[in-house]
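To be precise, the following lines are my_file-v1.txt, and they hold compact mmCIF, C-alpha atoms.
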```
# COMPACT_ATOMS: atom_id res chain seq x y z
CA MET A 1094 0.00 0.00 0.00
CA PHE A 1095 1.63 3.25 -1.13
CA ILE A 1096 1.03 6.31 1.01
CA ASN A 1097 0.38 8.72 -1.83
CA GLU A 1098 -1.74 6.48 -3.99
CA GLN A 1099 -4.93 8.10 -5.21
CA GLN A 1100 -8.37 7.24 -3.87
CA ASP A 1101 -9.43 6.00 -7.30
CA ASN A 1102 -6.66 3.40 -7.35
CA ARG A 1103 -7.73 1.73 -4.12
CA THR A 1104 -10.15 -1.16 -4.17
CA LYS A 1105 -10.54 -1.49 -0.41
CA PRO A 1106 -11.51 1.15 2.19
CA ARG A 1107 -8.54 2.72 3.95
CA ILE A 1108 -8.65 3.03 7.72
CA VAL A 1109 -6.04 5.46 9.01
CA ILE A 1110 -5.16 5.13 12.69
CA ILE A 1111 -3.26 7.97 14.35
CA GLY A 1112 -1.37 6.55 17.32
CA GLY A 1113 0.27 3.25 18.23
CA GLY A 1114 -0.86 3.04 21.85
CA PHE A 1115 -3.07 0.40 23.44
CA ALA A 1116 -6.21 1.54 21.59
CA GLY A 1117 -4.63 1.82 18.14
CA ILE A 1118 -2.68 -1.44 18.39
CA ASN A 1119 -5.73 -3.45 19.41
CA LEU A 1120 -7.91 -1.87 16.73
CA ALA A 1121 -5.39 -2.66 13.98
CA ASN A 1122 -4.87 -6.19 15.29
CA ARG A 1123 -8.61 -6.95 15.20
CA LEU A 1124 -8.80 -5.80 11.56
CA LYS A 1125 -6.39 -8.55 10.47
CA GLY A 1126 -7.78 -10.50 7.52
CA GLN A 1127 -10.60 -8.02 6.89
CA PRO A 1128 -11.14 -6.46 3.42
CA VAL A 1129 -9.63 -3.12 4.42
CA ASP A 1130 -6.26 -1.38 4.19
CA VAL A 1131 -5.02 -0.32 7.61
CA LEU A 1132 -2.45 2.47 7.86
CA MET A 1133 -1.04 3.46 11.25
CA LEU A 1134 0.76 6.78 11.75
CA ASP A 1135 2.86 7.54 14.81
CA LYS A 1136 5.76 9.86 15.62
CA HIS A 1137 7.53 6.92 17.29
CA ASN A 1138 8.18 3.56 15.64
CA TYR A 1139 7.43 1.67 18.84
CA HIS A 1140 4.55 0.90 21.16
CA THR A 1141 5.15 2.01 24.76
CA PHE A 1142 3.87 0.10 27.77
CA GLN A 1143 3.14 3.23 29.79
CA PRO A 1144 2.23 1.59 33.14
CA LEU A 1145 5.92 0.76 33.66
CA LEU A 1146 7.40 4.11 32.63
CA TYR A 1147 8.04 4.97 36.26
CA GLN A 1148 10.26 1.88 36.60
CA VAL A 1149 12.36 3.08 33.67
CA ALA A 1150 12.59 6.46 35.38
CA MET A 1151 13.75 4.82 38.61
CA GLY A 1152 16.27 2.56 36.88
CA ALA A 1153 14.45 -0.64 37.80
CA ILE A 1154 14.20 -1.83 34.19
CA ALA A 1155 15.75 -0.89 30.85
CA ALA A 1156 13.85 1.45 28.52
CA ASP A 1157 13.74 -1.03 25.63
CA SER A 1158 11.97 -3.54 27.90
CA ILE A 1159 8.74 -1.55 27.65
CA ALA A 1160 9.07 -0.36 24.05
CA PHE A 1161 8.32 -2.77 21.21
CA PRO A 1162 8.60 -2.05 17.44
CA ILE A 1163 5.20 -1.46 15.91
CA ARG A 1164 6.24 -3.08 12.63
CA ARG A 1165 7.30 -6.19 14.55
CA ILE A 1166 3.86 -6.50 16.15
CA PHE A 1167 2.22 -6.64 12.71
CA THR A 1168 4.81 -8.66 10.79
CA ASN A 1169 2.22 -11.24 9.75
CA GLN A 1170 -0.65 -8.85 9.00
CA ASP A 1171 -0.77 -8.31 5.23
CA ASN A 1172 -3.39 -5.54 5.26
CA PHE A 1173 -1.37 -3.38 7.69
CA SER A 1174 1.17 -0.64 6.94
CA PHE A 1175 3.01 1.75 9.22
CA CYS A 1176 4.53 5.18 8.62
CA LEU A 1177 6.73 7.16 10.96
CA ALA A 1178 4.94 10.48 10.75
CA ASN A 1179 3.83 13.42 12.83
CA VAL A 1180 0.22 14.35 12.09
CA THR A 1181 -0.28 18.12 12.35
CA GLN A 1182 -3.70 18.71 10.80
CA ILE A 1183 -6.95 16.87 10.16
CA ASN A 1184 -8.73 18.04 6.99
CA ALA A 1185 -12.18 16.57 7.51
CA ASP A 1186 -13.63 18.29 4.42
CA LYS A 1187 -11.05 16.57 2.20
CA ASN A 1188 -10.79 13.25 4.10
CA THR A 1189 -7.06 13.78 4.49
CA VAL A 1190 -4.54 14.35 7.26
CA THR A 1191 -1.51 16.60 6.91
CA THR A 1192 1.78 15.12 8.12
CA ASN A 1193 5.48 15.89 7.90
CA ILE A 1194 5.70 13.37 5.03
CA GLY A 1195 2.77 14.79 3.07
CA ASP A 1196 -1.03 14.58 2.97
CA ILE A 1197 -2.59 11.15 3.45
CA SER A 1198 -6.15 10.29 2.46
CA TYR A 1199 -8.56 8.10 4.41
CA ASP A 1200 -12.02 6.62 4.19
CA TYR A 1201 -12.23 6.21 7.96
CA LEU A 1202 -10.03 8.08 10.42
CA VAL A 1203 -9.40 6.86 13.97
CA ILE A 1204 -7.75 9.20 16.45
CA ALA A 1205 -5.94 7.12 19.08
CA THR A 1206 -3.32 9.68 20.06
CA GLY A 1207 -3.63 9.17 23.80
CA SER A 1208 -2.90 11.89 26.33
CA ASN A 1209 -0.13 14.19 27.42
CA THR A 1210 0.76 15.87 30.71
CA ASN A 1211 -1.63 18.59 31.83
CA PHE A 1212 0.06 21.50 33.64
CA PHE A 1213 -3.25 23.38 33.80
CA GLY A 1214 -1.88 26.38 31.96
CA ASN A 1215 0.98 27.08 34.37
CA ALA A 1216 3.93 27.79 32.06
CA GLN A 1217 6.44 28.09 34.91
CA ILE A 1218 5.60 24.67 36.32
CA GLU A 1219 5.59 23.21 32.80
CA HIS A 1220 9.14 24.47 32.29
CA TYR A 1221 10.65 23.30 35.58
CA ALA A 1222 8.67 20.20 36.58
CA MET A 1223 9.40 16.80 35.06
CA PRO A 1224 6.60 14.99 33.19
CA MET A 1225 6.64 11.25 32.47
CA LYS A 1226 4.34 10.27 29.61
CA ASN A 1227 6.80 8.62 27.21
CA VAL A 1228 10.15 6.84 27.12
CA PRO A 1229 12.30 9.96 26.42
CA GLU A 1230 10.68 11.76 29.36
CA ALA A 1231 11.22 8.76 31.64
CA LEU A 1232 14.91 8.71 30.63
CA ASN A 1233 15.14 12.45 31.29
CA LEU A 1234 13.69 11.91 34.74
CA ARG A 1235 16.12 9.06 35.43
CA GLY A 1236 19.03 11.21 34.32
CA LEU A 1237 17.92 14.09 36.53
CA VAL A 1238 17.60 11.89 39.63
CA LEU A 1239 20.99 10.27 39.18
CA GLN A 1240 22.76 13.51 38.27
CA HIS A 1241 21.39 15.20 41.37
CA LEU A 1242 22.47 12.34 43.61
CA GLU A 1243 25.95 12.55 42.09
CA LYS A 1244 26.05 16.31 42.71
CA ALA A 1245 24.85 15.78 46.26
CA THR A 1246 27.92 13.65 47.01
CA SER A 1247 30.29 16.49 46.10
CA THR A 1248 28.56 19.80 46.86
CA LYS A 1249 29.84 21.78 49.85
CA ASP A 1250 26.66 23.85 50.17
CA PRO A 1251 24.31 22.17 52.70
CA ASP A 1252 21.24 24.01 51.39
CA GLU A 1253 21.94 22.95 47.82
CA LYS A 1254 22.60 19.38 48.96
CA SER A 1255 19.23 19.35 50.71
CA ALA A 1256 17.47 20.67 47.59
CA LEU A 1257 19.20 18.11 45.38
CA MET A 1258 18.05 15.28 47.66
CA THR A 1259 14.47 16.46 48.13
CA PHE A 1260 11.97 14.84 45.75
CA VAL A 1261 8.38 16.01 45.30
CA VAL A 1262 5.82 13.97 43.38
CA VAL A 1263 2.69 15.93 42.48
CA GLY A 1264 -0.41 13.80 41.97
CA GLY A 1265 -1.79 10.96 44.08
CA GLY A 1266 -3.18 8.72 41.35
CA PRO A 1267 -1.59 5.36 40.46
CA THR A 1268 1.40 6.95 38.69
CA GLY A 1269 2.16 9.34 41.53
CA VAL A 1270 1.75 6.67 44.21
CA GLU A 1271 3.93 4.17 42.35
CA LEU A 1272 6.62 6.76 41.59
CA SER A 1273 6.80 8.05 45.17
CA GLY A 1274 6.82 4.46 46.42
CA ALA A 1275 9.80 3.70 44.17
CA LEU A 1276 11.62 6.78 45.44
CA GLY A 1277 10.96 5.71 49.02
CA GLU A 1278 12.29 2.27 48.22
CA MET A 1279 15.41 3.76 46.64
CA ARG A 1280 15.99 5.77 49.79
CA LYS A 1281 15.57 2.71 51.98
CA LEU A 1282 17.44 0.05 50.01
CA ILE A 1283 19.86 1.68 47.60
CA LEU A 1284 20.95 5.16 48.64
CA THR A 1285 23.58 4.35 51.25
CA LYS A 1286 24.68 1.22 49.39
CA ASP A 1287 25.55 3.05 46.17
CA TYR A 1288 26.19 6.62 47.32
CA HIS A 1289 28.76 6.50 50.10
CA GLY A 1290 28.66 9.63 52.21
CA LEU A 1291 24.92 10.13 51.81
CA SER A 1292 22.45 9.01 54.46
CA LYS A 1293 18.77 8.15 54.47
CA GLN A 1294 18.13 11.24 56.55
CA ASP A 1295 19.49 13.36 53.70
CA MET A 1296 16.86 12.18 51.22
CA LYS A 1297 13.28 13.39 51.55
CA VAL A 1298 10.30 12.28 49.46
CA TYR A 1299 7.01 14.21 49.38
CA LEU A 1300 3.71 13.32 47.70
CA VAL A 1301 1.32 16.21 47.10
CA GLU A 1302 -2.30 15.47 46.15
CA GLY A 1303 -5.21 17.85 45.63
CA LYS A 1304 -7.90 15.39 46.71
CA ASP A 1305 -8.49 14.38 50.31
CA ARG A 1306 -7.11 10.87 49.75
CA LEU A 1307 -4.73 8.96 47.52
CA LEU A 1308 -5.92 6.70 44.68
CA ALA A 1309 -9.28 8.48 44.67
CA ALA A 1310 -10.62 6.21 41.91
CA MET A 1311 -10.02 3.11 44.05
CA SER A 1312 -11.70 1.89 47.23
CA GLU A 1313 -11.29 3.55 50.63
CA GLY A 1314 -9.40 0.47 51.80
CA ALA A 1315 -6.93 0.68 48.95
CA SER A 1316 -6.42 4.37 49.60
CA ARG A 1317 -5.76 3.88 53.30
CA LYS A 1318 -3.38 0.98 52.71
CA ALA A 1319 -1.45 2.86 50.02
CA LYS A 1320 -0.96 5.76 52.43
CA GLN A 1321 0.18 3.33 55.13
CA TYR A 1322 2.66 1.65 52.77
CA LEU A 1323 4.13 4.98 51.67
CA ALA A 1324 4.42 6.21 55.24
CA ALA A 1325 6.36 3.03 56.10
CA ASN A 1326 8.95 4.17 53.54
CA ASP A 1327 8.98 7.67 55.07
CA VAL A 1328 7.14 9.33 52.18
CA MET A 1329 5.58 12.55 53.50
CA ILE A 1330 2.04 12.92 52.17
CA TYR A 1331 0.04 16.14 51.83
CA ASN A 1332 -3.61 15.82 50.83
CA SER A 1333 -6.14 18.52 49.90
CA VAL A 1334 -3.43 20.95 48.78
CA HIS A 1335 -2.36 22.26 45.38
CA VAL A 1336 0.93 23.45 43.94
CA GLN A 1337 0.86 27.16 43.16
CA SER A 1338 4.28 27.68 41.64
CA TYR A 1339 7.73 26.17 41.13
CA ASP A 1340 10.75 28.11 39.89
CA GLY A 1341 13.29 25.30 39.80
CA LEU A 1342 14.12 25.60 43.50
CA THR A 1343 11.14 26.78 45.54
CA LEU A 1344 7.86 24.89 45.39
CA MET A 1345 4.93 26.84 46.80
CA ILE A 1346 1.74 25.13 47.99
CA ASP A 1347 -1.59 26.91 48.46
CA ASP A 1348 -1.65 26.26 52.21
CA GLY A 1349 1.42 28.49 52.61
CA MET A 1350 4.01 25.72 52.76
CA THR A 1351 7.21 25.98 50.71
CA ILE A 1352 9.66 23.20 49.83
CA LYS A 1353 13.19 23.77 48.56
CA THR A 1354 13.79 21.12 45.91
CA ARG A 1355 15.51 20.54 42.59
CA ASN A 1356 13.21 17.61 41.77
CA VAL A 1357 9.50 18.02 41.05
CA PHE A 1358 7.81 15.18 39.18
CA TRP A 1359 4.39 16.03 37.73
CA ALA A 1360 1.75 13.30 37.74
CA ALA A 1361 -1.21 15.54 38.55
CA GLY A 1362 -3.23 15.38 35.37
CA VAL A 1363 -3.46 14.55 31.67
CA MET A 1364 -5.13 16.03 28.62
CA GLY A 1365 -5.92 14.63 25.22
CA GLU A 1366 -3.36 15.11 22.46
CA VAL A 1367 -5.22 15.90 19.24
CA PRO A 1368 -3.99 17.30 15.90
CA SER A 1369 -5.58 20.60 14.93
CA GLY A 1370 -8.45 20.88 12.48
CA LEU A 1371 -11.46 19.56 14.39
CA ASN A 1372 -14.30 21.72 15.65
CA ALA A 1373 -13.44 23.07 19.11
CA ALA A 1374 -17.01 22.37 20.21
CA GLN A 1375 -16.24 18.65 20.14
CA PHE A 1376 -13.77 18.90 23.04
CA ILE A 1377 -14.77 18.45 26.68
CA ARG A 1378 -12.85 18.67 29.95
CA GLY A 1379 -9.25 17.49 29.65
CA LYS A 1380 -9.25 18.16 25.89
CA ARG A 1381 -10.96 14.85 25.23
CA LEU A 1382 -13.00 14.38 22.06
CA LEU A 1383 -16.71 13.95 22.65
CA THR A 1384 -17.96 10.84 20.85
CA ASP A 1385 -21.21 8.94 20.60
CA GLU A 1386 -21.61 5.43 22.00
CA PHE A 1387 -19.99 4.04 18.82
CA ASN A 1388 -16.80 6.12 19.37
CA ARG A 1389 -17.68 8.41 16.46
CA VAL A 1390 -16.62 12.02 17.06
CA THR A 1391 -19.79 14.10 17.26
CA GLY A 1392 -20.33 16.19 14.15
CA TYR A 1393 -18.38 13.87 11.85
CA HIS A 1394 -19.55 10.77 10.00
CA ASN A 1395 -16.24 8.97 9.42
CA ILE A 1396 -13.92 10.21 12.20
CA PHE A 1397 -13.62 8.18 15.40
CA ALA A 1398 -11.70 8.53 18.66
CA ILE A 1399 -10.69 5.80 21.10
CA GLY A 1400 -8.61 5.51 24.24
CA ASP A 1401 -7.53 8.36 26.51
CA VAL A 1402 -8.34 11.01 23.91
CA SER A 1403 -12.01 10.01 23.63
CA ALA A 1404 -14.99 10.54 25.90
CA ILE A 1405 -18.31 8.71 25.70
CA VAL A 1406 -20.35 10.78 28.16
CA SER A 1407 -23.08 9.00 30.09
CA ASP A 1408 -24.77 9.12 33.50
CA GLU A 1409 -22.36 6.45 34.73
CA TYR A 1410 -19.31 8.16 33.17
CA PRO A 1411 -20.03 11.92 33.06
CA ASN A 1412 -16.41 12.66 32.11
CA GLY A 1413 -15.98 9.68 29.82
CA HIS A 1414 -14.43 6.33 30.59
CA PRO A 1415 -11.29 6.21 32.76
CA GLY A 1416 -8.03 6.88 30.95
CA VAL A 1417 -6.56 3.46 31.61
CA ALA A 1418 -5.18 0.73 29.38
CA PRO A 1419 -8.13 -1.72 29.76
CA ALA A 1420 -10.60 0.90 28.54
CA ALA A 1421 -8.40 1.75 25.55
CA ILE A 1422 -7.92 -1.93 24.66
CA GLN A 1423 -11.64 -2.64 24.84
CA GLN A 1424 -12.51 0.40 22.72
CA GLY A 1425 -9.99 -0.58 20.08
CA LYS A 1426 -11.38 -4.09 19.78
CA TRP A 1427 -14.99 -2.87 19.79
CA LEU A 1428 -14.42 -0.24 17.14
CA ALA A 1429 -12.88 -2.85 14.83
CA LYS A 1430 -16.23 -4.68 14.86
CA ASN A 1431 -18.22 -1.51 14.31
CA LEU A 1432 -16.06 -0.32 11.42
CA MET A 1433 -16.69 -3.61 9.64
CA HIS A 1434 -20.41 -3.26 10.41
CA LEU A 1435 -20.36 0.18 8.78
CA ILE A 1436 -18.48 -1.04 5.73
CA ARG A 1437 -20.93 -3.90 5.31
CA LYS A 1438 -23.88 -1.55 5.97
CA GLU A 1439 -24.87 -3.50 9.08
CA PRO A 1440 -26.18 -2.09 12.38
CA THR A 1441 -23.46 -0.93 14.78
CA GLU A 1442 -23.26 -1.86 18.46
CA PRO A 1443 -22.76 0.67 21.28
CA PHE A 1444 -19.59 0.33 23.31
CA ILE A 1445 -19.97 -1.21 26.77
CA TYR A 1446 -17.05 -0.91 29.17
CA HIS A 1447 -16.28 -3.86 31.42
CA ASP A 1448 -14.27 -2.67 34.41
CA LYS A 1449 -11.87 -5.49 35.25
CA GLY A 1450 -10.49 -3.72 38.29
CA THR A 1451 -7.51 -1.61 39.29
CA LEU A 1452 -4.08 -2.49 40.62
CA ALA A 1453 -1.34 -0.27 42.03
CA THR A 1454 1.99 -1.20 43.56
CA ILE A 1455 3.73 0.68 46.34
CA GLY A 1456 7.17 -0.85 46.42
CA ARG A 1457 8.57 -4.22 47.35
CA ASN A 1458 5.93 -6.85 48.28
CA ARG A 1459 3.26 -4.17 48.55
CA ALA A 1460 0.32 -3.46 46.27
CA VAL A 1461 -3.41 -2.78 46.40
CA ALA A 1462 -6.09 -4.41 44.26
CA ASP A 1463 -9.74 -3.62 43.56
CA LEU A 1464 -11.29 -6.36 41.44
CA GLY A 1465 -15.02 -5.83 41.37
CA LYS A 1466 -16.29 -6.46 44.89
CA LEU A 1467 -12.99 -8.08 45.85
CA HIS A 1468 -10.53 -5.75 47.58
CA PHE A 1469 -7.20 -6.92 48.95
CA GLN A 1470 -3.71 -5.61 49.62
CA GLY A 1471 -0.21 -6.85 50.34
CA PHE A 1472 2.00 -9.56 48.91
CA PHE A 1473 -0.63 -11.41 46.87
CA ALA A 1474 -1.81 -8.15 45.32
CA TRP A 1475 1.82 -7.40 44.48
CA LEU A 1476 2.26 -10.79 42.78
CA LEU A 1477 -0.94 -10.27 40.81
CA TRP A 1478 0.18 -6.79 39.77
CA GLY A 1479 3.49 -8.19 38.50
CA PHE A 1480 1.85 -11.07 36.62
CA VAL A 1481 -0.71 -8.83 34.92
CA HIS A 1482 1.91 -6.33 33.82
CA ILE A 1483 4.34 -8.90 32.48
CA MET A 1484 1.61 -10.69 30.53
CA SER A 1485 0.42 -7.37 29.07
CA LEU A 1486 3.81 -6.50 27.57
CA ALA A 1487 4.19 -6.85 23.81
CA GLY A 1488 6.62 -9.55 22.73
CA PHE A 1489 8.23 -12.49 24.51
CA SER A 1490 11.61 -10.74 24.71
CA SER A 1491 10.09 -7.83 26.63
CA LYS A 1492 8.30 -10.17 29.02
CA LEU A 1493 11.51 -12.09 29.67
CA ALA A 1494 13.63 -8.96 30.09
CA VAL A 1495 11.29 -7.43 32.65
CA PHE A 1496 10.89 -10.73 34.52
CA LEU A 1497 14.67 -11.16 34.77
CA SER A 1498 15.21 -7.54 35.81
CA TRP A 1499 12.58 -7.86 38.51
CA GLY A 1500 14.06 -11.17 39.68
CA ILE A 1501 17.56 -9.73 39.98
CA LYS A 1502 16.25 -6.62 41.72
CA TYR A 1503 14.15 -8.65 44.15
CA PHE A 1504 16.96 -10.90 45.33
CA THR A 1505 19.78 -8.34 45.28
CA LYS A 1506 17.66 -5.36 46.36
CA ASN A 1507 19.51 -3.44 43.68
CA SER A 1508 19.45 -2.76 39.94
CA ASP A 1509 21.91 -2.51 37.06
CA ASN A 1510 19.87 0.05 35.09
CA ARG A 1511 20.76 3.24 36.94
CA LEU A 1512 22.79 4.64 34.07
CA ILE A 1513 23.18 8.26 32.98
CA ILE A 1514 23.11 7.51 29.26
CA ARG A 1515 22.44 11.11 28.30
CA SER A 1516 22.93 14.18 30.44
CA PHE A 1517 19.87 16.27 31.27
CA ASN A 1518 20.51 20.02 31.22
CA THR A 1519 18.78 21.43 34.28
CA GLU A 1520 18.91 25.00 32.95
CA THR A 1521 17.27 24.41 29.58
CA ARG A 1522 15.32 21.31 30.79
CA THR A 1523 16.46 19.42 27.73
CA VAL A 1524 18.98 16.71 26.91
CA ASP A 1525 22.45 18.22 26.66
CA PRO A 1526 23.81 17.31 23.17
CA GLU A 1527 27.40 17.97 24.26
CA GLN A 1528 27.45 15.25 26.90
```
Structure encoded using structure tokens:
Amino acid sequence: MFINEQQDNRTKPRIVIIGGGFAGINLANRLKGQPVDVLMLDKHNYHTFQPLLYQVAMGAIAADSIAFPIRRIFTNQDNFSFCLANVTQINADKNTVTTNIGDISYDYLVIATGSNTNFFGNAQIEHYAMPMKNVPEALNLRGLVLQHLEKATSTKDPDEKSALMTFVVVGGGPTGVELSGALGEMRKLILTKDYHGLSKQDMKVYLVEGKDRLLAAMSEGASRKAKQYLAANDVMIYNSVHVQSYDGLTLMIDDGMTIKTRNVFWAAGVMGEVPSGLNAAQFIRGKRLLTDEFNRVTGYHNIFAIGDVSAIVSDEYPNGHPGVAPAAIQQGKWLAKNLMHLIRKEPTEPFIYHDKGTLATIGRNRAVADLGKLHFQGFFAWLLWGFVHIMSLAGFSSKLAVFLSWGIKYFTKNSDNRLIIRSFNTETRTVDPEQ
């Protein structure tokens, strides 16, 4: 399938999917063998397993363990093609999308672009805080942590040393809880072992959350236990407060508290990432695209949205379905059926979300699980969390690599992945090309 071939030369409908995340991958996979041409566009040539990004950031596993080549996933799918491309504009009136490699036509367009970090319009925080939504950002965060620990071993300024060794995680959802738990575990098990001259008392970890409890989407029991687990690792938790500003050194909270820190990790919110061109009226809170129950973007007949970027609003889900991998996977699979129904002029079926539960880990041997009416915490929840995540990775090599990394880390209480591969420039907040 050639990218620039004309509509008249194609004998099968073309389905263009923007994004190679959970939703896009599962949609394309379910279209295997169907009488359609599937073209996926993504600015990366790999699929990222985002739930484990924080472990890359903390040096627990290697970055390539959670990234798998998109082309490799679809090696045996003849009706699938992939292009490394950045989509900048959707031209709904022409049934084309504008990319850095030219305009591409479609019969059906599926937006599965996922979400990006939401700094809620605060440009200062956006500049100085560290997001973690993709592999490069996770590597930047890892580099920053390790560079600051290295600096802390040599600085003569006690105030600067304290700021370098103070870590603030903003956001008490699963990502924030897991990241702060990993930092607490690093402080407890690794700091004095690897960084001679530093002590546990030197390193401080804070978790700041705007809601009155952690893991607000989970049960009260899970929330309480998560807070207990974090406190056991000396993570200092502040609920019902919001960050007002951060200038690279001083973090100000709306209750009047200030924290001197060189490390602020932002996990407080996400927003949909959508190319320009669509009617602004179709966006709701969090820049998600409003769709009908068939995932069709309202106001358009052949444009669909699935995953984090979409929102099917209902009484049960007034803000759309949760932005989690299971919802994206289910929407991708369901839309594949409905697209074939449309092509065959058959009735479509409304999407129904089946909540399979939520898991979150808070360090070694500790996790919380909400599976329907079943709620439990501790070692068994931690084992289940590990099993589910390993089985969800793409490719046997990734599963094996993560399993071995976890095994080594569990028995040695250490890791071999804390490498500063590329230096992060703390002034420009970018990777330093000279190092």
Near His1140 in chain A, counting only C-alpha atoms, which residues have an atom at most 12 Å away, once you skip same-chain residues fewer than 2 positions from it, shown as a PDB file with C-alpha atoms, keeping the file's coordinate frame?
```
ATOM      1  CA  GLY A1112      -1.370   6.550  17.320  1.00  0.00           C
ATOM      2  CA  GLY A1113       0.270   3.250  18.230  1.00  0.00           C
ATOM      3  CA  GLY A1114      -0.860   3.040  21.850  1.00  0.00           C
ATOM      4  CA  PHE A1115      -3.070   0.400  23.440  1.00  0.00           C
ATOM      5  CA  ALA A1116      -6.210   1.540  21.590  1.00  0.00           C
ATOM      6  CA  GLY A1117      -4.630   1.820  18.140  1.00  0.00           C
ATOM      7  CA  ILE A1118      -2.680  -1.440  18.390  1.00  0.00           C
ATOM      8  CA  ASN A1119      -5.730  -3.450  19.410  1.00  0.00           C
ATOM      9  CA  MET A1133      -1.040   3.460  11.250  1.00  0.00           C
ATOM     10  CA  LEU A1134       0.760   6.780  11.750  1.00  0.00           C
ATOM     11  CA  ASP A1135       2.860   7.540  14.810  1.00  0.00           C
ATOM     12  CA  LYS A1136       5.760   9.860  15.620  1.00  0.00           C
ATOM     13  CA  HIS A1137       7.530   6.920  17.290  1.00  0.00           C
ATOM     14  CA  ASN A1138       8.180   3.560  15.640  1.00  0.00           C
ATOM     15  CA  PHE A1142       3.870   0.100  27.770  1.00  0.00           C
ATOM     16  CA  GLN A1143       3.140   3.230  29.790  1.00  0.00           C
ATOM     17  CA  ALA A1156      13.850   1.450  28.520  1.00  0.00           C
ATOM     18  CA  ASP A1157      13.740  -1.030  25.630  1.00  0.00           C
ATOM     19  CA  SER A1158      11.970  -3.540  27.900  1.00  0.00           C
ATOM     20  CA  ILE A1159       8.740  -1.550  27.650  1.00  0.00           C
ATOM     21  CA  ALA A1160       9.070  -0.360  24.050  1.00  0.00           C
ATOM     22  CA  PHE A1161       8.320  -2.770  21.210  1.00  0.00           C
ATOM     23  CA  PRO A1162       8.600  -2.050  17.440  1.00  0.00           C
ATOM     24  CA  ILE A1163       5.200  -1.460  15.910  1.00  0.00           C
ATOM     25  CA  ARG A1164       6.240  -3.080  12.630  1.00  0.00           C
ATOM     26  CA  ARG A1165       7.300  -6.190  14.550  1.00  0.00           C
ATOM     27  CA  ILE A1166       3.860  -6.500  16.150  1.00  0.00           C
ATOM     28  CA  PHE A1167       2.220  -6.640  12.710  1.00  0.00           C
ATOM     29  CA  THR A1206      -3.320   9.680  20.060  1.00  0.00           C
ATOM     30  CA  GLY A1207      -3.630   9.170  23.800  1.00  0.00           C
ATOM     31  CA  ASN A1227       6.800   8.620  27.210  1.00  0.00           C
ATOM     32  CA  VAL A1228      10.150   6.840  27.120  1.00  0.00           C
ATOM     33  CA  LEU A1486       3.810  -6.500  27.570  1.00  0.00           C
ATOM     34  CA  ALA A1487       4.190  -6.850  23.810  1.00  0.00           C
ATOM     35  CA  GLY A1488       6.620  -9.550  22.730  1.00  0.00           C
ATOM     36  CA  SER A1491      10.090  -7.830  26.630  1.00  0.00           C
TER      37      SER A1491
END
```
Name the residues in contact with Phe1260 in chain A at a cut-off of 8 Å, using all atoms listed in the file, excluding same-chain residues fewer than 6 positions from it; report them as a VMD selection string. chain A and resid 1296 to 1299 1354 to 1358
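Within 12 Å of the point (-19.1, -6.8, 43.6), and counting only C-alpha atoms, the protein, DNA and RNA residues are Ser1312, Asp1448, Lys1449, Gly1450, Asp1463, Leu1464, Gly1465, Lys1466, Leu1467 and His1468 of chain A.
Residues surrounding Trp1427 in chain A within 8 Å are A:Leu1120, A:Gln1423, A:Asn1431, A:Phe1444 [only C-alpha atoms; sequence separation below 4 positions excluded].
The residue that comes closest to Leu1382 in chain A, out of A:Val1109, A:Ala1429, A:Met1364, A:Ala1418 and on the basis of all atoms listed in the file, is A:Met1364.
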Give me the residues within 9 Å of Val1363 in chain A as a ChimeraX atom specification, counting all atoms listed in the file and dropping any in the same chain fewer than 3 places off. /A:1208-1212,1360,1379-1380,1416
Could you name the residues that touch Asn1510 in chain A at 7 Å or less, counting all atoms listed in the file, but leaving out those on the same chain fewer than 6 positions away, as number ranges by chain? A: 1152-1155
